[in-house]
file final.txt (compact mmCIF, C-alpha atoms)
# COMPACT_ATOMS: atom_id res chain seq x y z
CA MET G 494 4.67 13.81 27.12
CA ARG G 495 2.52 13.66 24.00
CA VAL G 496 0.09 16.49 23.24
CA GLU G 497 -3.09 15.04 21.84
CA CYS G 498 -5.84 16.35 19.66
CA SER G 499 -9.10 16.36 21.57
CA GLY G 500 -11.21 15.82 18.47
CA VAL G 501 -14.29 17.25 20.18
CA ALA G 502 -16.90 19.49 18.62
CA LEU G 503 -16.62 23.26 19.10
CA THR G 504 -18.42 24.73 22.07
CA LEU G 505 -21.64 26.71 21.75
CA SER G 506 -19.77 29.91 22.62
CA ALA G 507 -17.31 29.24 19.78
CA CYS G 508 -20.21 28.73 17.38
CA LEU G 509 -21.74 32.00 18.48
CA ALA G 510 -18.36 33.62 17.81
CA GLY G 511 -18.62 32.45 14.21
CA ALA G 512 -16.73 29.16 14.17
CA CYS G 513 -19.77 27.25 12.93
CA SER G 514 -20.50 29.60 10.05
CA SER G 515 -17.24 29.84 8.16
CA GLY G 516 -18.93 30.53 4.84
CA VAL G 517 -16.99 27.66 3.29
CA THR G 518 -19.28 25.64 1.04
CA PRO G 519 -18.10 22.05 0.43
CA LEU G 520 -17.33 21.53 -3.25
CA GLU G 521 -18.52 18.56 -5.25
CA SER G 522 -15.00 17.15 -5.15
CA VAL G 523 -15.01 16.60 -1.38
CA GLY G 524 -16.76 13.66 0.27
CA GLN G 525 -20.53 13.99 0.20
CA THR G 526 -21.59 10.68 1.64
CA HIS G 527 -20.29 7.41 3.05
CA ALA G 528 -18.82 5.64 0.02
CA ALA G 529 -16.36 2.87 -0.77
CA ILE G 530 -12.70 3.88 -0.80
CA ALA G 531 -9.56 1.85 -1.52
CA THR G 532 -6.83 1.55 1.10
CA SER G 533 -4.37 3.13 -1.33
CA ASP G 534 -6.63 6.18 -1.65
CA VAL G 535 -6.87 6.54 2.14
CA ILE G 536 -3.07 6.64 2.39
CA ASP G 537 -2.79 9.00 -0.58
CA ARG G 538 -5.30 11.40 0.98
CA GLY G 539 -3.51 11.30 4.33
CA MET G 540 -0.17 11.96 2.64
CA GLU G 541 -1.62 15.07 0.98
CA TRP G 542 -1.89 16.69 4.42
CA VAL G 543 1.47 15.31 5.55
CA ASN G 544 3.23 16.62 2.43
CA ALA G 545 1.59 20.01 2.96
CA SER G 546 2.51 19.98 6.69
CA LEU G 547 -1.08 21.07 7.14
CA HIS G 548 -1.32 22.97 10.42
CA TYR G 549 -3.61 21.78 13.20
CA CYS G 550 -6.90 23.69 13.44
CA GLN G 551 -9.98 22.72 15.41
CA ALA G 552 -12.03 24.55 12.80
CA ALA G 553 -12.47 24.60 9.04
CA TYR G 554 -10.38 26.98 6.95
CA GLY G 555 -11.24 30.61 7.68
CA ALA G 556 -13.44 29.82 10.69
CA VAL G 557 -12.76 31.02 14.24
CA ASP G 558 -10.72 28.36 16.04
CA GLY G 559 -12.21 27.51 19.42
CA ASP G 560 -9.03 25.74 20.63
CA SER G 561 -7.26 28.19 22.98
CA SER G 562 -3.90 26.44 22.47
CA CYS G 563 -4.00 27.76 18.88
CA TRP G 564 -4.83 31.36 19.70
CA ALA G 565 -1.27 32.69 20.12
CA TRP G 566 -1.30 36.50 20.02
CA GLU G 567 -4.68 36.76 18.32
CA GLY G 568 -6.69 35.56 21.28
CA SER G 569 -10.20 34.22 20.84
CA SER G 570 -10.54 35.89 17.43
CA HIS G 571 -7.95 33.52 15.92
CA THR G 572 -9.09 31.96 12.66
CA CYS G 573 -7.78 28.86 10.95
CA ASP G 574 -5.33 30.20 8.36
CA ARG G 575 -3.53 27.03 7.27
CA ALA G 576 -2.61 26.25 3.64
CA SER G 577 -5.71 26.65 1.50
CA ASN G 578 -6.98 23.97 -0.87
CA ALA G 579 -10.50 23.73 -2.25
CA GLU G 580 -10.47 19.97 -1.64
CA TRP G 581 -9.94 20.19 2.12
CA ASN G 582 -10.91 23.72 3.20
CA ALA G 583 -14.28 22.49 4.50
CA TYR G 584 -12.59 20.07 6.93
CA ARG G 585 -11.22 20.70 10.41
CA SER G 586 -7.53 19.82 10.47
CA ASP G 587 -7.62 18.31 13.93
CA CYS G 588 -7.11 14.59 14.57
CA SER G 589 -10.66 13.45 13.81
CA GLY G 590 -11.02 15.87 10.91
CA PHE G 591 -7.88 14.28 9.47
CA ILE G 592 -9.39 10.78 9.61
CA THR G 593 -12.68 12.12 8.22
CA TRP G 594 -10.72 13.52 5.27
CA ALA G 595 -8.51 10.45 4.78
CA TRP G 596 -11.50 8.09 4.76
CA GLY G 597 -13.31 10.29 2.22
CA LEU G 598 -16.18 11.03 4.61
CA PRO G 599 -18.18 14.25 4.27
CA PRO G 600 -17.17 17.32 6.34
CA VAL G 601 -20.27 17.10 8.54
CA GLY G 602 -21.03 19.61 11.27
CA ASP G 603 -18.20 22.08 11.71
CA GLY G 604 -15.82 20.20 9.41
CA GLY G 605 -15.82 16.47 10.08
CA TYR G 606 -16.74 13.70 12.49
CA THR G 607 -15.40 13.75 16.05
CA THR G 608 -13.62 10.97 17.97
CA GLY G 609 -16.81 10.01 19.81
CA GLU G 610 -18.45 9.17 16.48
CA PHE G 611 -15.74 6.69 15.45
CA ALA G 612 -15.71 3.09 16.75
CA PRO G 613 -15.89 1.81 19.39
CA TYR G 614 -17.97 4.76 20.61
CA GLY G 615 -19.97 5.22 17.43
CA THR G 616 -20.64 2.43 14.94
CA SER G 617 -22.56 4.08 12.10
CA PHE G 618 -19.59 3.86 9.69
CA SER G 619 -16.71 2.05 11.45
CA HIS G 620 -16.03 -0.97 13.63
CA THR G 621 -13.27 -2.37 15.84
CA ILE G 622 -10.82 -4.99 14.57
CA SER G 623 -8.00 -7.02 16.06
CA GLY G 624 -4.80 -4.99 16.37
CA SER G 625 -2.90 -7.75 14.59
CA ALA G 626 -5.22 -7.33 11.58
CA LEU G 627 -4.41 -3.64 11.04
CA GLU G 628 -4.04 -2.76 7.35
CA PRO G 629 -2.98 0.51 5.69
CA GLY G 630 -5.82 3.01 5.99
CA ASP G 631 -7.19 1.72 9.30
CA ALA G 632 -7.22 3.99 12.35
CA LEU G 633 -6.65 3.83 16.10
CA ASN G 634 -9.08 5.70 18.36
CA LYS G 635 -8.35 6.46 22.00
CA THR G 636 -11.35 7.90 23.86
CA PRO G 637 -14.56 9.75 22.93
CA SER G 638 -12.79 13.05 23.58
CA GLY G 639 -9.20 11.95 23.01
CA HIS G 640 -6.91 11.29 20.08
CA ILE G 641 -7.23 9.32 16.82
CA ILE G 642 -4.42 8.41 14.40
CA LEU G 643 -4.10 6.80 10.96
CA PHE G 644 -2.31 3.47 10.50
CA GLU G 645 0.01 3.64 7.47
CA ALA G 646 2.03 0.40 7.39
CA TRP G 647 3.79 -2.27 9.40
CA VAL G 648 7.53 -1.91 9.72
CA THR G 649 7.79 -5.16 11.67
CA PRO G 650 4.34 -6.83 11.74
CA GLY G 651 2.82 -6.81 15.20
CA GLN G 652 5.77 -4.93 16.70
CA THR G 653 6.55 -1.63 14.94
CA ALA G 654 4.40 0.48 12.65
CA LEU G 655 4.25 3.73 10.71
CA PHE G 656 1.42 6.17 11.49
CA MET G 657 0.11 9.61 10.50
CA GLU G 658 -1.53 12.12 12.81
CA GLU G 659 -2.71 15.69 13.35
CA PRO G 660 -1.54 16.57 16.89
CA GLY G 661 -2.57 19.58 18.96
CA CYS G 662 -1.28 23.14 18.61
CA SER G 663 0.94 22.77 21.69
CA SER G 664 2.80 19.87 20.06
CA SER G 665 6.38 20.42 18.89
CA GLU G 666 5.06 19.45 15.43
CA PRO G 667 1.59 21.06 15.29
CA TYR G 668 0.88 19.82 11.79
CA ALA G 669 0.12 16.59 9.93
CA HIS G 670 3.13 14.29 10.05
CA GLU G 671 4.28 10.67 10.06
CA PHE G 672 5.84 8.85 12.99
CA THR G 673 7.13 5.35 13.67
CA SER G 674 6.38 3.63 16.96
CA ALA G 675 6.70 0.33 18.75
CA VAL G 676 3.33 -1.22 19.56
CA SER G 677 1.96 -3.99 21.74
CA ILE G 678 -1.34 -5.68 20.95
CA SER G 679 -4.08 -7.27 23.06
CA GLY G 680 -7.18 -8.05 21.04
CA ASP G 681 -8.54 -4.80 19.62
CA GLU G 682 -6.39 -2.72 21.99
CA VAL G 683 -3.04 -1.39 20.75
CA TYR G 684 -0.54 0.38 22.97
CA VAL G 685 1.39 2.94 20.89
CA SER G 686 4.67 3.80 22.63
CA TYR G 687 5.12 7.12 20.79
CA GLU G 688 1.76 8.31 22.11
CA GLY G 689 2.18 6.67 25.52
CA ALA G 690 -1.40 5.44 25.36
CA THR G 691 -3.68 2.55 24.42
CA PHE G 692 -5.97 2.87 21.40
CA TYR G 693 -8.71 0.76 19.82
CA ALA G 694 -7.95 -0.56 16.32
CA ILE G 695 -10.80 0.40 13.99
CA ARG G 696 -11.73 0.11 10.30
CA TYR G 697 -14.02 2.08 7.98
CA ASP G 698 -16.98 -0.11 7.00
CA ASP G 699 -16.69 0.71 3.29
CA VAL G 700 -12.94 0.42 2.82
CA THR G 701 -11.74 -1.93 0.08
CA VAL G 702 -8.30 -3.51 0.28
CA GLY G 703 -6.05 -2.57 -2.62
CA THR G 704 -5.95 0.16 -5.21
CA ALA G 705 -8.76 2.33 -6.46
CA SER G 706 -11.33 1.20 -9.01
CA ALA G 707 -13.74 3.27 -11.04
CA SER G 708 -16.63 2.05 -8.88
CA ALA G 709 -14.92 2.67 -5.54
CA SER G 710 -14.04 6.35 -5.56
CA ALA G 711 -14.12 8.03 -2.16
CA THR G 712 -15.28 11.42 -3.42
CA GLU G 713 -17.45 12.58 -6.28
CA GLY G 714 -15.37 13.59 -9.25
CA GLU G 715 -12.14 12.39 -7.63
CA SER G 716 -9.60 11.02 -10.09
CA GLU G 717 -8.03 7.63 -9.49
CA SER G 718 -4.89 7.92 -7.39
CA SER G 719 -3.29 4.64 -8.39
CA THR G 720 -2.26 3.34 -11.80
CA GLU G 721 -4.54 0.53 -12.95
CA GLY G 722 -2.70 -2.78 -12.78
CA THR G 723 -0.38 -1.77 -9.94
CA ALA G 724 0.06 -4.58 -7.46
CA THR G 725 -1.71 -4.32 -4.12
CA SER G 726 0.54 -3.28 -1.26
CA THR G 727 -1.00 -4.63 1.93
CA GLU G 728 0.78 -5.87 4.99
CA THR G 729 0.25 -9.24 6.65
CA SER G 730 0.92 -9.91 10.29
CA SER G 731 3.82 -12.12 11.32
CA ALA G 732 1.29 -14.65 12.57
CA THR G 733 0.09 -15.32 9.01
CA ALA G 734 3.37 -15.00 7.13
CA VAL G 735 4.25 -18.09 5.09
CA VAL G 736 7.72 -19.54 5.51
CA PRO G 737 9.81 -20.13 2.38
CA GLY G 738 8.81 -23.28 0.63
CA GLY G 739 5.14 -22.88 1.52
CA SER G 740 2.41 -21.50 -0.70
CA GLY G 741 3.29 -18.17 -2.22
CA GLY G 742 6.99 -18.58 -1.40
CA GLY G 743 9.47 -16.59 -3.44
CA SER G 744 13.09 -17.28 -4.20
CA GLY G 745 14.06 -15.72 -0.89
CA ALA G 746 17.09 -13.87 0.41
CA GLY G 747 18.96 -17.14 0.83
CA SER G 748 19.21 -17.72 -2.91
CA SER G 749 20.06 -14.09 -3.59
CA SER G 750 22.88 -14.24 -1.05
CA SER G 751 24.59 -16.94 -3.07
CA ALA G 752 24.61 -14.58 -6.04
CA SER G 753 26.27 -11.77 -4.11
CA SER G 754 28.91 -11.36 -1.41
CA ALA G 755 26.52 -9.22 0.66
CA PRO G 756 24.23 -11.32 2.90
CA ASP G 757 21.41 -8.78 2.55
CA ALA G 758 21.59 -8.68 -1.25
CA CYS G 759 18.54 -9.45 -3.39
CA ASP G 760 18.49 -10.34 -7.07
CA GLN G 761 14.73 -10.35 -7.68
CA GLY G 762 14.98 -6.85 -9.10
CA PRO G 763 13.39 -3.56 -8.06
CA GLY G 764 9.74 -3.83 -7.11
CA PHE G 765 9.90 -7.28 -5.51
CA CYS G 766 8.31 -7.18 -2.05
CA THR G 767 7.75 -9.68 0.73
CA ALA G 768 5.52 -9.22 3.76
CA THR G 769 8.11 -6.99 5.44
CA LEU G 770 10.90 -6.24 2.91
CA GLN G 771 11.39 -4.81 -0.56
CA CYS G 772 14.23 -5.16 -3.04
CA ASP G 773 15.78 -1.74 -3.75
CA ASN G 774 18.97 -1.28 -5.75
CA GLY G 775 20.02 -4.88 -5.16
CA ARG G 776 19.57 -4.81 -1.35
CA TRP G 777 16.76 -5.80 0.97
CA THR G 778 15.30 -2.74 2.72
CA VAL G 779 12.34 -2.24 5.05
CA ARG G 780 9.13 -2.38 3.03
CA GLN G 781 7.34 0.94 2.57
CA ASP G 782 3.62 1.30 1.90
CA ASP G 783 4.06 2.52 -1.65
CA PRO G 784 2.13 0.37 -4.16
CA THR G 785 4.17 1.73 -7.07
CA ARG G 786 7.31 0.15 -5.61
CA CYS G 787 5.83 -3.31 -5.17
CA ALA G 788 5.37 -4.84 -8.60
CA THR G 789 5.56 -8.38 -7.21
CA VAL G 790 4.36 -9.26 -3.71
CA GLU G 791 5.09 -12.49 -1.86
CA ASP G 792 3.62 -13.02 1.61
CA VAL G 793 6.73 -14.72 2.97
CA GLN G 794 9.50 -13.99 5.41
CA GLU G 795 12.95 -13.69 3.86
CA PRO G 796 15.58 -15.98 5.42
CA CYS G 797 18.95 -14.55 6.47
CA PRO G 798 22.27 -16.32 6.90
CA GLU G 799 23.45 -15.38 10.40
CA ASN G 800 21.61 -14.32 13.56
CA GLY G 801 22.90 -10.98 14.76
CA TYR G 802 24.07 -9.85 11.33
CA CYS G 803 22.90 -6.31 10.56
CA SER G 804 22.81 -4.27 7.39
CA ALA G 805 22.13 -0.54 7.37
CA THR G 806 18.37 -1.16 7.61
CA LEU G 807 17.86 -4.82 8.56
CA GLN G 808 18.91 -7.34 11.18
CA CYS G 809 18.85 -11.12 11.21
CA ASP G 810 16.63 -12.47 14.00
CA ASN G 811 15.76 -16.15 14.40
CA GLY G 812 16.78 -16.86 10.83
CA PHE G 813 14.72 -14.11 9.16
CA TRP G 814 15.32 -10.49 8.16
CA VAL G 815 13.45 -7.88 10.22
CA ALA G 816 13.68 -4.09 10.42
CA ARG G 817 16.84 -3.06 12.24
CA SER G 818 16.18 -1.87 15.79
CA SER G 819 18.10 0.73 17.77
CA ASP G 820 19.30 -1.94 20.21
CA PRO G 821 23.09 -2.34 19.69
CA MET G 822 23.01 -5.73 21.41
CA ALA G 823 20.95 -7.06 18.50
CA CYS G 824 23.81 -6.39 16.06
CA THR G 825 26.87 -8.56 16.55
CA SER G 826 28.18 -8.14 13.01
CA GLY G 827 27.58 -6.17 9.86
CA PRO G 828 28.03 -2.59 8.69
CA GLY G 829 27.20 0.52 10.68

call {"tool": "encode", "arguments": {"input": "final.txt", "output": "structure tokens"}}
result
Amino acid sequence: MRVECSGVALTLSACLAGACSSGVTPLESVGQTHAAIATSDVIDRGMEWVNASLHYCQAAYGAVDGDSSCWAWEGSSHTCDRASNAEWNAYRSDCSGFITWAWGLPPVGDGGYTTGEFAPYGTSFSHTISGSALEPGDALNKTPSGHIILFEAWVTPGQTALFMEEPGCSSSEPYAHEFTSAVSISGDEVYVSYEGATFYAIRYDDVTVGTASASASATEGESESSTEGTATSTETSSATAVVPGGSGGGSGAGSSSSASSAPDACDQGPGFCTATLQCDNGRWTVRQDDPTRCATVEDVQEPCPENGYCSATLQCDNGFWVARSSDPMACTSGPG
């Protein structure tokens, strides 16, 4: 059973106890208003909390935490004492505070917007999208008082994806982390197996696809997080992928196989990416959402030589490489 972050505002009693007056003054470097932000910056900001394993708190840093599941031995006087950083101290590190931070929104109220203020329940800064159109930096919102998670990248478009979340204190991992999950899509509704629940796919109104530009910084004074000239690393769904030979087609895995004895070999060189794969150390691997590793991007599917053949990370399904699943019946040959 998944433990979810409620994402609701603190109660009046918690405010009276001091949770709404933490004394933390937002610095100029944190979000001050709704502003344009690049998808790469959203992911970079989310990864800051993941890399710090930032502990769940339903309060800003130093404020009394009104979530009883976080009280432990301190009882109702428990304060949020996670890792301190001037950039994020003013934000709650619960699920909706995490999305508020990642999207570069201001730490309104007690430290960020709540789930009921994100689409489809609130539409002042976000809107619903088709689940098949999810791009890095989008989010999935459950209910007005439920859970919200950040979409990081497709592993297999439309089927498996990588996410980030801030779960509740009673979770086995009560801190910001990544997870991979199978998904099923129906319009703007996305069932996430890892969470055991259906979410609405949503997008920030002012997000810009690609890397940061000088005119699209999410926070005042924030430095650019991506090197200028780096290729955009966005995922396309399998429904819009172009088969080899069509527009945008690359040389493909078929040609690289002839240059190597390994069927999953690639000779395009490091940094070559397709819609789902990337060429690393001479082998096709599952594409990661890291713009610095995708110097050349082709929105194609890479053909493979034999259905059922599996490498350490990929499997050949219907003539094309996809991320290897945990189903042993899908692998009739290959290493591992």

call {"tool": "residues_around", "arguments": {"input": "final.txt", "residues": "stretch 691-700 of chain G", "least_positions_apart": "2", "cutoff": "6 Å", "atoms": "all atoms listed in the file", "output": "PyMOL selection string"}}
result
chain G and resi 529-531+618-622+624+631-635+681-684

call {"tool": "residues_near_point", "arguments": {"input": "final.txt", "point": "(-7.5, 29.2, 19.9)", "cutoff": "9 Å", "atoms": "only C-alpha atoms", "output": "list in words"}}
result
Cys550, Gln551, Val557, Asp558, Gly559, Asp560, Ser561, Ser562, Cys563, Trp564, Ala565, Glu567, Gly568, Ser569, Ser570, His571, Thr572, Cys573 and Cys662 of chain G

call {"tool": "residues_around", "arguments": {"input": "final.txt", "residues": "stretch 534-536 of chain G", "least_positions_apart": "2", "cutoff": "7 Å", "atoms": "all atoms listed in the file", "output": "ChimeraX atom specification"}}
result
/G:530-532,538-540,595-596,629-630,645,705,718

call {"tool": "atom_distance", "arguments": {"input": "final.txt", "atom1": "atom CA of G:Gly605", "atom2": "atom CA of G:Ser546"}}
result
19.0 Å

call {"tool": "residues_near_point", "arguments": {"input": "final.txt", "point": "(-0.6, 22.2, 18.6)", "cutoff": "8 Å", "atoms": "only C-alpha atoms", "output": "list in words"}}
result
Val496, Cys498, Tyr549, Ser562, Cys563, Pro660, Gly661, Cys662, Ser663, Ser664, Ser665, Glu666, Pro667 and Tyr668 of chain G

call {"tool": "atom_distance", "arguments": {"input": "final.txt", "atom1": "atom CA of G:Ala654", "atom2": "atom CA of G:Cys759"}}
result
23.6 Å

call {"tool": "atom_distance", "arguments": {"input": "final.txt", "atom1": "atom CA of G:Leu598", "atom2": "atom CA of G:Tyr687"}}
result
27.0 Å

call {"tool": "closest_residue", "arguments": {"input": "final.txt", "among": "G:Thr607, G:Phe672, G:Thr616, G:Phe656", "to": "G:Pro637", "atoms": "all atoms listed in the file"}}
result
G:Thr607

call {"tool": "closest_residue", "arguments": {"input": "final.txt", "among": "G:Val779, G:Val790, G:Leu643, G:Ala669", "to": "G:Thr767", "atoms": "all atoms listed in the file"}}
result
G:Val790

call {"tool": "build_atoms", "arguments": {"input": "final.txt", "residues": "stretch 591-626 of chain G", "atoms": "N, CA and C atoms", "output": "PDB file, in the frame of the given file"}}
result
ATOM      1  N   PHE G 591      -8.863  14.942  10.332  1.00  0.00           N
ATOM      2  CA  PHE G 591      -7.880  14.280   9.470  1.00  0.00           C
ATOM      3  C   PHE G 591      -8.367  12.908   9.034  1.00  0.00           C
ATOM      4  N   ILE G 592      -8.884  12.113   9.963  1.00  0.00           N
ATOM      5  CA  ILE G 592      -9.390  10.780   9.610  1.00  0.00           C
ATOM      6  C   ILE G 592     -10.639  10.907   8.742  1.00  0.00           C
ATOM      7  N   THR G 593     -11.505  11.882   9.059  1.00  0.00           N
ATOM      8  CA  THR G 593     -12.680  12.120   8.220  1.00  0.00           C
ATOM      9  C   THR G 593     -12.252  12.371   6.780  1.00  0.00           C
ATOM     10  N   TRP G 594     -11.245  13.221   6.604  1.00  0.00           N
ATOM     11  CA  TRP G 594     -10.720  13.520   5.270  1.00  0.00           C
ATOM     12  C   TRP G 594     -10.109  12.284   4.620  1.00  0.00           C
ATOM     13  N   ALA G 595      -9.225  11.593   5.346  1.00  0.00           N
ATOM     14  CA  ALA G 595      -8.510  10.450   4.780  1.00  0.00           C
ATOM     15  C   ALA G 595      -9.472   9.351   4.341  1.00  0.00           C
ATOM     16  N   TRP G 596     -10.531   9.132   5.100  1.00  0.00           N
ATOM     17  CA  TRP G 596     -11.500   8.090   4.760  1.00  0.00           C
ATOM     18  C   TRP G 596     -12.496   8.558   3.693  1.00  0.00           C
ATOM     19  N   GLY G 597     -12.409   9.795   3.246  1.00  0.00           N
ATOM     20  CA  GLY G 597     -13.310  10.290   2.220  1.00  0.00           C
ATOM     21  C   GLY G 597     -14.716  10.540   2.711  1.00  0.00           C
ATOM     22  N   LEU G 598     -14.868  10.749   4.036  1.00  0.00           N
ATOM     23  CA  LEU G 598     -16.180  11.030   4.610  1.00  0.00           C
ATOM     24  C   LEU G 598     -16.520  12.503   4.417  1.00  0.00           C
ATOM     25  N   PRO G 599     -17.793  12.850   4.476  1.00  0.00           N
ATOM     26  CA  PRO G 599     -18.180  14.250   4.270  1.00  0.00           C
ATOM     27  C   PRO G 599     -17.798  15.119   5.472  1.00  0.00           C
ATOM     28  N   PRO G 600     -17.536  16.409   5.251  1.00  0.00           N
ATOM     29  CA  PRO G 600     -17.170  17.320   6.340  1.00  0.00           C
ATOM     30  C   PRO G 600     -18.399  17.766   7.119  1.00  0.00           C
ATOM     31  N   VAL G 601     -19.028  16.824   7.817  1.00  0.00           N
ATOM     32  CA  VAL G 601     -20.270  17.100   8.540  1.00  0.00           C
ATOM     33  C   VAL G 601     -20.040  18.110   9.648  1.00  0.00           C
ATOM     34  N   GLY G 602     -21.120  18.701  10.128  1.00  0.00           N
ATOM     35  CA  GLY G 602     -21.030  19.610  11.270  1.00  0.00           C
ATOM     36  C   GLY G 602     -20.118  20.782  10.986  1.00  0.00           C
ATOM     37  N   ASP G 603     -19.125  20.958  11.846  1.00  0.00           N
ATOM     38  CA  ASP G 603     -18.200  22.080  11.710  1.00  0.00           C
ATOM     39  C   ASP G 603     -16.957  21.703  10.925  1.00  0.00           C
ATOM     40  N   GLY G 604     -16.969  20.550  10.232  1.00  0.00           N
ATOM     41  CA  GLY G 604     -15.820  20.200   9.410  1.00  0.00           C
ATOM     42  C   GLY G 604     -15.346  18.768   9.544  1.00  0.00           C
ATOM     43  N   GLY G 605     -16.206  17.877  10.003  1.00  0.00           N
ATOM     44  CA  GLY G 605     -15.820  16.470  10.080  1.00  0.00           C
ATOM     45  C   GLY G 605     -16.349  15.795  11.329  1.00  0.00           C
ATOM     46  N   TYR G 606     -16.310  14.479  11.329  1.00  0.00           N
ATOM     47  CA  TYR G 606     -16.740  13.700  12.490  1.00  0.00           C
ATOM     48  C   TYR G 606     -15.773  13.907  13.650  1.00  0.00           C
ATOM     49  N   THR G 607     -16.231  13.629  14.863  1.00  0.00           N
ATOM     50  CA  THR G 607     -15.400  13.750  16.050  1.00  0.00           C
ATOM     51  C   THR G 607     -15.075  12.360  16.579  1.00  0.00           C
ATOM     52  N   THR G 608     -14.099  12.276  17.491  1.00  0.00           N
ATOM     53  CA  THR G 608     -13.620  10.970  17.970  1.00  0.00           C
ATOM     54  C   THR G 608     -14.738  10.123  18.576  1.00  0.00           C
ATOM     55  N   GLY G 609     -15.718  10.759  19.208  1.00  0.00           N
ATOM     56  CA  GLY G 609     -16.810  10.010  19.810  1.00  0.00           C
ATOM     57  C   GLY G 609     -17.739   9.371  18.807  1.00  0.00           C
ATOM     58  N   GLU G 610     -17.608   9.753  17.521  1.00  0.00           N
ATOM     59  CA  GLU G 610     -18.450   9.170  16.480  1.00  0.00           C
ATOM     60  C   GLU G 610     -17.762   8.029  15.743  1.00  0.00           C
ATOM     61  N   PHE G 611     -16.471   7.823  16.006  1.00  0.00           N
ATOM     62  CA  PHE G 611     -15.740   6.690  15.450  1.00  0.00           C
ATOM     63  C   PHE G 611     -15.838   5.512  16.423  1.00  0.00           C
ATOM     64  N   ALA G 612     -15.705   4.280  15.897  1.00  0.00           N
ATOM     65  CA  ALA G 612     -15.710   3.090  16.750  1.00  0.00           C
ATOM     66  C   ALA G 612     -14.593   3.217  17.805  1.00  0.00           C
ATOM     67  N   PRO G 613     -14.746   2.639  18.975  1.00  0.00           N
ATOM     68  CA  PRO G 613     -15.890   1.810  19.390  1.00  0.00           C
ATOM     69  C   PRO G 613     -17.055   2.592  19.960  1.00  0.00           C
ATOM     70  N   TYR G 614     -16.957   3.936  19.946  1.00  0.00           N
ATOM     71  CA  TYR G 614     -17.970   4.760  20.610  1.00  0.00           C
ATOM     72  C   TYR G 614     -19.151   5.048  19.705  1.00  0.00           C
ATOM     73  N   GLY G 615     -18.909   5.117  18.406  1.00  0.00           N
ATOM     74  CA  GLY G 615     -19.970   5.220  17.430  1.00  0.00           C
ATOM     75  C   GLY G 615     -19.740   4.171  16.364  1.00  0.00           C
ATOM     76  N   THR G 616     -20.802   3.554  15.879  1.00  0.00           N
ATOM     77  CA  THR G 616     -20.640   2.430  14.940  1.00  0.00           C
ATOM     78  C   THR G 616     -21.436   2.624  13.656  1.00  0.00           C
ATOM     79  N   SER G 617     -21.752   3.854  13.303  1.00  0.00           N
ATOM     80  CA  SER G 617     -22.560   4.080  12.100  1.00  0.00           C
ATOM     81  C   SER G 617     -21.749   3.912  10.824  1.00  0.00           C
ATOM     82  N   PHE G 618     -20.398   4.013  10.902  1.00  0.00           N
ATOM     83  CA  PHE G 618     -19.590   3.860   9.690  1.00  0.00           C
ATOM     84  C   PHE G 618     -18.257   3.162   9.938  1.00  0.00           C
ATOM     85  N   SER G 619     -17.976   2.718  11.161  1.00  0.00           N
ATOM     86  CA  SER G 619     -16.710   2.050  11.450  1.00  0.00           C
ATOM     87  C   SER G 619     -16.906   0.998  12.535  1.00  0.00           C
ATOM     88  N   HIS G 620     -15.943   0.107  12.650  1.00  0.00           N
ATOM     89  CA  HIS G 620     -16.030  -0.970  13.630  1.00  0.00           C
ATOM     90  C   HIS G 620     -14.637  -1.324  14.131  1.00  0.00           C
ATOM     91  N   THR G 621     -14.559  -1.959  15.282  1.00  0.00           N
ATOM     92  CA  THR G 621     -13.270  -2.370  15.840  1.00  0.00           C
ATOM     93  C   THR G 621     -12.784  -3.636  15.144  1.00  0.00           C
ATOM     94  N   ILE G 622     -11.458  -3.801  15.126  1.00  0.00           N
ATOM     95  CA  ILE G 622     -10.820  -4.990  14.570  1.00  0.00           C
ATOM     96  C   ILE G 622      -9.699  -5.414  15.506  1.00  0.00           C
ATOM     97  N   SER G 623      -9.165  -6.589  15.299  1.00  0.00           N
ATOM     98  CA  SER G 623      -8.000  -7.020  16.060  1.00  0.00           C
ATOM     99  C   SER G 623      -6.796  -6.164  15.672  1.00  0.00           C
ATOM    100  N   GLY G 624      -5.987  -5.785  16.664  1.00  0.00           N
ATOM    101  CA  GLY G 624      -4.800  -4.990  16.370  1.00  0.00           C
ATOM    102  C   GLY G 624      -3.851  -5.684  15.423  1.00  0.00           C
ATOM    103  N   SER G 625      -3.793  -7.006  15.471  1.00  0.00           N
ATOM    104  CA  SER G 625      -2.900  -7.750  14.590  1.00  0.00           C
ATOM    105  C   SER G 625      -3.391  -7.759  13.149  1.00  0.00           C
ATOM    106  N   ALA G 626      -4.652  -7.345  12.923  1.00  0.00           N
ATOM    107  CA  ALA G 626      -5.220  -7.330  11.580  1.00  0.00           C
ATOM    108  C   ALA G 626      -5.150  -5.951  10.939  1.00  0.00           C
TER     109      ALA G 626
END
